[in-house]
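Participant: Before I ask anything, here is the structure I am working with.
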Amino acid sequence: MPTYRKPLKKQAVKRKSKYNVAPKAQRVYKGKVYDSKLEKNYRGKLELLKKSVKDYNRVVDIQEQVPFEFVINGVKVCTYLLDFKVTYADGRVDFIDVKGVITDVYRIKRKLMLACYGIKIKEVTKKDF
């Protein structure tokens, strides 16, 4: 007579995210959770630049997650969230996006930013650290 075994229980499998995002605990800086460790580390670098002696390096203002809406012919096409808008002591303003992976959607939004607002986005990647 054949013996039957109990079916195996399905074990919960921890799945990696699509873009290999680090766990939440590794993405926290000063109580705020960032989208990636790279973005968190760049925020820390900007904080250090606030203490810079030289005007061209000294950061005076940091705005995070700045929204830009793209409205064409009265129709809202999409909204783009810029990671950082950084103002320096010499008056210069940088629009910065921290990217681990540059997607096709991002490339389109980058071109829309240039076409609609005349803003060239500075991209920060792993290579910049």
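Labeling convention for the structure tokens: chains A, B, ... as they appear, residues from 1 per chain, ligands from 1 in order of appearance.
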Find the residues around range 107-123 of chain A up to 6 Å (only C-alpha atoms counted), leave out those fewer than 6 positions away in its own chain, and share them as JSON, numbers by chain.
Facilitator: {"A": [95, 96, 97, 98]}
Participant: Please return, as a ChimeraX atom specification, all residues of chain A that DSSP assigns to alpha helix (DSSP H) on the basis of the backbone.
Facilitator: /A:37-49,104-112
Participant: Could those residues be written to a file, using C-alpha atoms, as a PDB file, in the first residue's frame?
Facilitator:
ATOM      1  CA  LYS A  37      20.730  54.388  -0.209  1.00  0.00           C
ATOM      2  CA  LEU A  38      22.352  56.416  -2.966  1.00  0.00           C
ATOM      3  CA  GLU A  39      19.807  59.210  -2.517  1.00  0.00           C
ATOM      4  CA  LYS A  40      20.294  59.105   1.272  1.00  0.00           C
ATOM      5  CA  ASN A  41      24.079  59.302   0.881  1.00  0.00           C
ATOM      6  CA  TYR A  42      23.800  62.227  -1.526  1.00  0.00           C
ATOM      7  CA  ARG A  43      21.583  64.062   0.980  1.00  0.00           C
ATOM      8  CA  GLY A  44      24.321  63.575   3.567  1.00  0.00           C
ATOM      9  CA  LYS A  45      26.866  65.030   1.141  1.00  0.00           C
ATOM     10  CA  LEU A  46      24.657  68.092   0.625  1.00  0.00           C
ATOM     11  CA  GLU A  47      24.484  68.565   4.410  1.00  0.00           C
ATOM     12  CA  LEU A  48      28.286  68.601   4.545  1.00  0.00           C
ATOM     13  CA  LEU A  49      28.396  71.189   1.759  1.00  0.00           C
ATOM     14  CA  ASP A 104      13.057  54.987 -20.595  1.00  0.00           C
ATOM     15  CA  VAL A 105      10.334  56.856 -18.684  1.00  0.00           C
ATOM     16  CA  TYR A 106      12.992  58.964 -16.942  1.00  0.00           C
ATOM     17  CA  ARG A 107      14.619  59.808 -20.285  1.00  0.00           C
ATOM     18  CA  ILE A 108      11.293  61.110 -21.596  1.00  0.00           C
ATOM     19  CA  LYS A 109      10.655  63.191 -18.464  1.00  0.00           C
ATOM     20  CA  ARG A 110      14.193  64.585 -18.621  1.00  0.00           C
ATOM     21  CA  LYS A 111      13.519  65.788 -22.164  1.00  0.00           C
ATOM     22  CA  LEU A 112      10.138  67.233 -21.104  1.00  0.00           C
TER      23      LEU A 112
END
Participant: Could you tell me how far CA of Asp94 in chain A sits from CA of Arg58 in chain A, in Å to one decimal place?
Facilitator: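 Here the two named atoms are 12.4 Å from each other.
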Participant: Show which residues sit within 12 Å of Arg92 in chain A, as number ranges by chain. Count only C-alpha atoms, and ignore same-chain residues fewer than 2 positions away.
Facilitator: A: 55-61, 85-90, 94-95
Participant: Using DSSP on the backbone coordinates, identify all residues within chain A classified as strand (DSSP E); present the result as number ranges by chain.
Facilitator: A: 28-29, 32-33, 59-72, 75-88, 93-98, 122-124
Participant: Just give me the gap between CA of Val28 in chain A and CA of Glu64 in chain A in Å, one decimal is fine.
Facilitator: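 If I compute the distance from CA of Val28 in chain A to CA of Glu64 in chain A, I get 14.4 Å.
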Participant: Write out as a list in words which residues come within 10 Å of Cys78 in chain A when counting only C-alpha atoms, dropping same-chain ones fewer than 3 positions away.
Facilitator: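 Once the nearby chain positions are removed, what remains is Phe68, Glu69, Phe70, Val71, Ile72, Val75, Lys109 and Leu112 of chain A.
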Participant: Would you mind exporting the chosen residues as a compact mmCIF listing (two decimals), in the first residue's frame, restricted to N, CA and C atoms?
Facilitator:
# COMPACT_ATOMS: atom_id res chain seq x y z
N PHE A 68 7.03 68.88 -10.60
CA PHE A 68 6.87 69.64 -11.83
C PHE A 68 5.75 68.97 -12.62
N GLU A 69 4.73 69.75 -12.98
CA GLU A 69 3.63 69.21 -13.78
C GLU A 69 3.83 69.56 -15.24
N PHE A 70 3.56 68.61 -16.09
CA PHE A 70 3.64 68.84 -17.52
C PHE A 70 2.22 68.93 -18.07
N VAL A 71 1.83 70.15 -18.44
CA VAL A 71 0.50 70.40 -19.00
C VAL A 71 0.71 70.87 -20.44
N ILE A 72 0.15 70.11 -21.37
CA ILE A 72 0.30 70.45 -22.79
C ILE A 72 -1.09 70.58 -23.39
N VAL A 75 -3.96 69.85 -21.11
CA VAL A 75 -4.09 68.48 -20.61
C VAL A 75 -2.87 68.13 -19.77
N LYS A 109 10.93 62.09 -19.39
CA LYS A 109 10.65 63.19 -18.46
C LYS A 109 11.80 64.18 -18.43
N LEU A 112 11.27 66.34 -21.35
CA LEU A 112 10.14 67.23 -21.10
C LEU A 112 10.55 68.40 -20.20
Participant: From the list A:Phe84, A:Tyr4, A:Tyr29, A:Phe129, which residue is nearest Pro67 in chain A when using only C-alpha atoms?
Facilitator: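 So, comparing all the options, the nearest one is A:Phe84.
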Participant: In Å, rounded to a single decimal, give me how far CA of Thr79 in chain A is from CA of Asp128 in chain A.
Facilitator: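 Here the two named atoms are 26.5 Å from each other.
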Participant: Looking at A:Gly91, A:Gly74, A:Gly31, A:Gly100, which one is nearest to Thr125 in chain A, with distances taken over only C-alpha atoms?
Facilitator: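 Among the listed residues, A:Gly100 lies closest to Thr125 in chain A.
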